[in-house]
$ cat work_37.txt   # compact mmCIF, C-alpha atoms
# COMPACT_ATOMS: atom_id res chain seq x y z
CA MET A 256 124.77 112.74 35.29
CA SER A 257 126.56 115.48 33.44
CA ASP A 258 129.43 117.47 34.87
CA SER A 259 127.71 120.83 34.58
CA PRO A 260 128.28 123.24 37.46
CA VAL A 261 124.57 123.21 38.33
CA SER A 262 124.34 119.43 38.81
CA THR A 263 127.63 119.31 40.73
CA HIS A 264 126.44 122.08 43.03
CA ARG A 265 123.09 120.30 43.59
CA PHE A 266 124.91 117.06 44.48
CA THR A 267 127.25 118.89 46.85
CA VAL A 268 124.33 120.58 48.63
CA LEU A 269 122.46 117.26 49.00
CA ALA A 270 125.54 115.36 50.18
CA ALA A 271 126.73 117.98 52.68
CA PRO A 272 125.73 117.21 56.27
CA VAL A 273 123.32 119.62 57.88
CA ASP A 274 125.04 120.90 61.03
CA ASP A 275 122.92 123.94 61.80
CA GLU A 276 121.70 122.57 65.12
CA GLU A 277 123.51 122.36 68.40
CA PRO A 278 125.20 119.03 69.16
CA CYS A 279 123.24 116.22 70.73
CA PRO A 280 123.42 116.10 74.53
CA GLY A 281 125.83 113.61 76.06
CA GLY A 282 127.74 113.19 72.82
CA GLU A 283 124.86 111.26 71.27
CA ALA A 284 125.26 110.60 67.56
CA LYS A 285 123.14 112.60 65.16
CA PRO A 286 120.29 112.56 64.47
CA CYS A 287 119.44 113.20 68.10
CA SER A 288 116.70 111.08 69.63
CA ALA A 289 114.87 114.16 70.94
CA SER A 290 114.19 117.54 69.43
CA PRO A 291 115.52 120.68 71.13
CA GLU A 292 111.97 121.45 72.31
CA GLU A 293 111.61 118.02 73.86
CA ARG A 294 115.02 118.30 75.51
CA GLY A 295 114.02 121.71 76.85
CA ALA A 296 110.81 120.30 78.31
CA VAL A 297 112.73 117.45 79.94
CA ASP A 298 115.26 119.91 81.39
CA LYS A 299 112.42 122.08 82.70
CA ASP A 300 110.76 119.05 84.33
CA ARG A 301 114.12 117.97 85.79
CA ASP A 302 114.58 121.44 87.32
CA ALA A 303 111.06 121.37 88.76
CA ALA A 304 111.69 117.93 90.26
CA LYS A 305 114.94 119.19 91.81
CA GLN A 306 113.08 122.15 93.36
CA ASP A 307 110.38 119.80 94.69
CA THR A 308 113.07 117.54 96.15
CA ASP A 309 114.75 120.49 97.85
CA ALA A 310 111.41 121.65 99.28
CA ALA A 311 110.65 118.12 100.53
CA LYS A 312 114.05 117.92 102.22
CA GLN A 313 113.32 121.21 103.99
CA ASP A 314 109.89 119.95 105.09
CA ILE A 315 111.41 116.71 106.39
CA GLY A 316 114.07 118.65 108.25
CA ALA A 317 111.43 120.86 109.86
CA ALA A 318 109.38 117.81 110.85
CA LYS A 319 112.45 116.14 112.39
CA GLU A 320 113.16 119.27 114.42
CA ALA A 321 109.58 119.43 115.65
CA ALA A 322 109.58 115.73 116.54
CA GLN A 323 112.85 116.03 118.46
CA LYS A 324 111.37 118.81 120.60
CA CYS A 325 108.64 116.46 121.85
CA THR A 326 109.21 113.50 124.09
CA ALA A 327 107.08 110.43 123.48
CA GLU A 328 105.55 110.80 126.95
CA SER A 329 104.33 114.34 126.32
CA LYS A 330 100.78 113.84 125.06
CA SER A 331 100.05 117.55 124.68
CA CYS A 332 103.20 118.11 122.61
CA MET A 333 102.49 115.07 120.42
CA THR A 334 98.89 116.16 119.95
CA GLU A 335 100.11 119.56 118.83
CA LEU A 336 102.66 117.92 116.53
CA ILE A 337 100.39 115.44 114.76
CA GLY A 338 96.94 116.80 115.50
CA GLY A 339 94.25 115.48 117.77
CA GLY A 340 93.15 112.70 115.46
CA THR A 341 89.80 114.30 114.64
CA THR A 342 90.38 113.90 110.91
CA GLN A 343 91.10 110.20 111.31
CA GLU A 344 88.08 109.71 113.57
CA THR A 345 85.82 111.52 111.10
CA ASP A 346 87.14 109.49 108.17
CA MET A 347 86.72 106.20 110.06
CA ALA A 348 83.17 107.11 111.04
CA GLN A 349 82.36 107.89 107.42
CA ALA A 350 83.88 104.59 106.26
CA ARG A 351 81.93 102.64 108.89
CA GLY A 352 78.72 104.36 107.78
CA GLU A 353 79.36 103.46 104.14
CA LEU A 354 80.19 99.84 105.03
CA GLY A 355 76.98 99.61 107.05
CA THR A 356 74.90 100.38 103.97
CA MET A 357 76.48 97.60 101.86
CA LYS A 358 74.70 94.28 101.56
CA PRO A 359 77.34 91.84 100.31
CA GLU A 360 75.60 88.71 101.61
CA PRO A 361 72.84 86.94 99.66
CA SER A 362 69.41 88.20 100.56
CA GLY A 363 67.60 84.92 101.25
CA ASN A 364 68.44 83.46 97.83
CA ALA A 365 71.43 81.27 98.70
CA ALA A 366 69.64 78.00 97.86
CA SER A 367 68.56 79.16 94.42
CA ALA A 368 72.01 80.63 93.73
CA LEU A 369 73.71 77.33 94.61
CA SER A 370 71.19 75.30 92.63
CA GLY A 371 71.82 77.50 89.62
CA THR A 372 75.58 77.08 90.06
CA CYS A 373 75.24 73.28 90.20
CA ALA A 374 73.00 73.25 87.14
CA SER A 375 75.41 75.45 85.14
CA PHE A 376 78.44 73.44 86.18
CA THR A 377 76.91 70.04 85.45
CA ALA A 378 75.64 71.27 82.07
CA ASP A 379 79.28 71.73 80.99
CA LEU A 380 80.27 68.20 82.02
CA PRO A 381 80.06 65.12 79.80
CA ALA A 382 76.72 63.32 80.15
CA GLY A 383 78.12 60.45 82.23
CA LEU A 384 79.61 62.78 84.85
CA SER A 385 76.72 65.21 85.16
CA GLN A 386 74.35 62.43 86.29
CA SER A 387 76.85 60.72 88.63
CA SER A 388 76.08 60.14 92.29
CA GLU A 389 79.19 62.14 93.27
CA MET A 390 77.85 65.21 91.49
CA THR A 391 74.44 64.79 93.06
CA SER A 392 75.97 64.50 96.53
CA LEU A 393 78.26 67.49 95.89
CA CYS A 394 75.33 69.70 94.94
CA GLY A 395 73.37 68.36 97.87
CA GLU A 396 76.20 69.27 100.27
CA MET A 397 76.37 72.75 98.79
CA ASN A 398 72.65 73.27 99.34
CA ARG A 399 72.67 72.29 103.00
$ encode --input "work_37.txt" --output "structure tokens"
Amino acid sequence: MSDSPVSTHRFTVLAAPVDDEEPCPGGEAKPCSASPEERGAVDKDRDAAKQDTDAAKQDIGAAKEAAQKCTAESKSCMTELIGGGTTQETDMAQARGELGTMKPEPSGNAASALSGTCASFTADLPAGLSQSSEMTSLCGEMNR
């Protein structure tokens, strides 16, 4: 490398640290792990979460106040506080209706299903075990 002013200037420009950006948050060493845009998005999400937390605290406070106004013995007050339960009753009726349409049990094919299971299982066993009396009695017990 020659000592011309052009090459010295080029080396100085390449070797000089780029410090155009703001410092990394929390004193983190450069290069920062997140871009300013990413940090901005995280800060925005953090602010939104803080607002949501504040709103939830207000809602909880209002619910506590409403609950303290009602005594446990006051059915009308409790019904007003939590609702009459019609939503729960409707949802349970819908769930019962859906469960009633399901057919999880075998439909008259239990014997063939068990025979097929025994045949598949014994096919994977060594020849001496698949023909043993224990295996025959096991499959027989399953088919009862």
$ axis_aligned_box --input "work_37.txt" --around "range 298-309 of chain A" --padding-each-side "3 Å" --output "lines of an AutoDock Vina configuration file"
center_x = 112.8
center_y = 119.8
center_z = 89.6
size_x = 10.9
size_y = 10.6
size_z = 22.5
$ atom_distance --input "work_37.txt" --atom1 "CA of Lys305 in chain A" --atom2 "CA of Ala289 in chain A"
21.5 Å
$ atom_distance --input "work_37.txt" --atom1 "CA of Cys394 in chain A" --atom2 "CA of Ala378 in chain A"
13.0 Å
$ closest_residue --input "work_37.txt" --among "A:Gly338, A:Gly282, A:Cys332, A:Leu393" --to "Leu369 in chain A" --atoms "only C-alpha atoms"
A:Leu393
$ atom_distance --input "work_37.txt" --atom1 "CA of Glu353 in chain A" --atom2 "CA of Ile337 in chain A"
26.4 Å
$ build_atoms --input "work_37.txt" --residues "range 295-327 of chain A" --atoms "N, CA and C atoms" --output "compact mmCIF listing (two decimals), in the frame of the given file"
# COMPACT_ATOMS: atom_id res chain seq x y z
N GLY A 295 114.30 120.57 75.98
CA GLY A 295 114.02 121.71 76.85
C GLY A 295 112.93 121.38 77.86
N ALA A 296 111.90 120.68 77.40
CA ALA A 296 110.81 120.30 78.31
C ALA A 296 111.31 119.33 79.37
N VAL A 297 112.17 118.40 78.98
CA VAL A 297 112.73 117.45 79.94
C VAL A 297 113.59 118.19 80.95
N ASP A 298 114.41 119.13 80.47
CA ASP A 298 115.26 119.91 81.39
C ASP A 298 114.41 120.72 82.35
N LYS A 299 113.32 121.30 81.85
CA LYS A 299 112.42 122.08 82.70
C LYS A 299 111.80 121.19 83.77
N ASP A 300 111.34 119.99 83.37
CA ASP A 300 110.76 119.05 84.33
C ASP A 300 111.80 118.59 85.35
N ARG A 301 113.04 118.39 84.88
CA ARG A 301 114.12 117.97 85.79
C ARG A 301 114.37 119.07 86.83
N ASP A 302 114.37 120.33 86.39
CA ASP A 302 114.58 121.44 87.32
C ASP A 302 113.44 121.53 88.33
N ALA A 303 112.21 121.34 87.85
CA ALA A 303 111.06 121.37 88.76
C ALA A 303 111.14 120.24 89.78
N ALA A 304 111.56 119.06 89.35
CA ALA A 304 111.69 117.93 90.26
C ALA A 304 112.79 118.21 91.30
N LYS A 305 113.87 118.85 90.87
CA LYS A 305 114.94 119.19 91.81
C LYS A 305 114.43 120.20 92.84
N GLN A 306 113.64 121.17 92.42
CA GLN A 306 113.08 122.15 93.36
C GLN A 306 112.13 121.45 94.33
N ASP A 307 111.31 120.54 93.81
CA ASP A 307 110.38 119.80 94.69
C ASP A 307 111.15 118.96 95.70
N THR A 308 112.25 118.35 95.25
CA THR A 308 113.07 117.54 96.15
C THR A 308 113.67 118.41 97.25
N ASP A 309 114.17 119.58 96.86
CA ASP A 309 114.75 120.49 97.85
C ASP A 309 113.70 120.93 98.87
N ALA A 310 112.49 121.24 98.38
CA ALA A 310 111.41 121.65 99.28
C ALA A 310 111.03 120.51 100.22
N ALA A 311 110.99 119.28 99.70
CA ALA A 311 110.65 118.12 100.53
C ALA A 311 111.71 117.90 101.59
N LYS A 312 112.98 118.08 101.23
CA LYS A 312 114.05 117.92 102.22
C LYS A 312 113.91 118.96 103.33
N GLN A 313 113.53 120.18 102.97
CA GLN A 313 113.32 121.21 103.99
C GLN A 313 112.15 120.84 104.90
N ASP A 314 111.06 120.35 104.31
CA ASP A 314 109.89 119.95 105.09
C ASP A 314 110.24 118.80 106.05
N ILE A 315 111.01 117.84 105.55
CA ILE A 315 111.41 116.71 106.39
C ILE A 315 112.29 117.19 107.53
N GLY A 316 113.20 118.10 107.21
CA GLY A 316 114.07 118.65 108.25
C GLY A 316 113.27 119.37 109.33
N ALA A 317 112.27 120.15 108.90
CA ALA A 317 111.43 120.86 109.86
C ALA A 317 110.63 119.88 110.72
N ALA A 318 110.14 118.81 110.10
CA ALA A 318 109.38 117.81 110.85
C ALA A 318 110.27 117.09 111.86
N LYS A 319 111.52 116.79 111.46
CA LYS A 319 112.45 116.14 112.39
C LYS A 319 112.72 117.04 113.59
N GLU A 320 112.92 118.33 113.32
CA GLU A 320 113.16 119.27 114.42
C GLU A 320 111.97 119.31 115.37
N ALA A 321 110.77 119.38 114.81
CA ALA A 321 109.58 119.43 115.65
C ALA A 321 109.42 118.14 116.46
N ALA A 322 109.72 117.01 115.84
CA ALA A 322 109.58 115.73 116.54
C ALA A 322 110.62 115.59 117.64
N GLN A 323 111.80 116.14 117.45
CA GLN A 323 112.85 116.03 118.46
C GLN A 323 112.54 116.91 119.68
N LYS A 324 111.73 117.93 119.48
CA LYS A 324 111.37 118.81 120.60
C LYS A 324 110.40 118.12 121.55
N CYS A 325 109.63 117.16 121.03
CA CYS A 325 108.64 116.46 121.85
C CYS A 325 109.19 115.15 122.36
N THR A 326 108.90 114.84 123.59
CA THR A 326 109.21 113.50 124.09
C THR A 326 107.98 112.63 123.85
N ALA A 327 108.20 111.34 123.76
CA ALA A 327 107.08 110.43 123.48
C ALA A 327 106.05 110.45 124.60
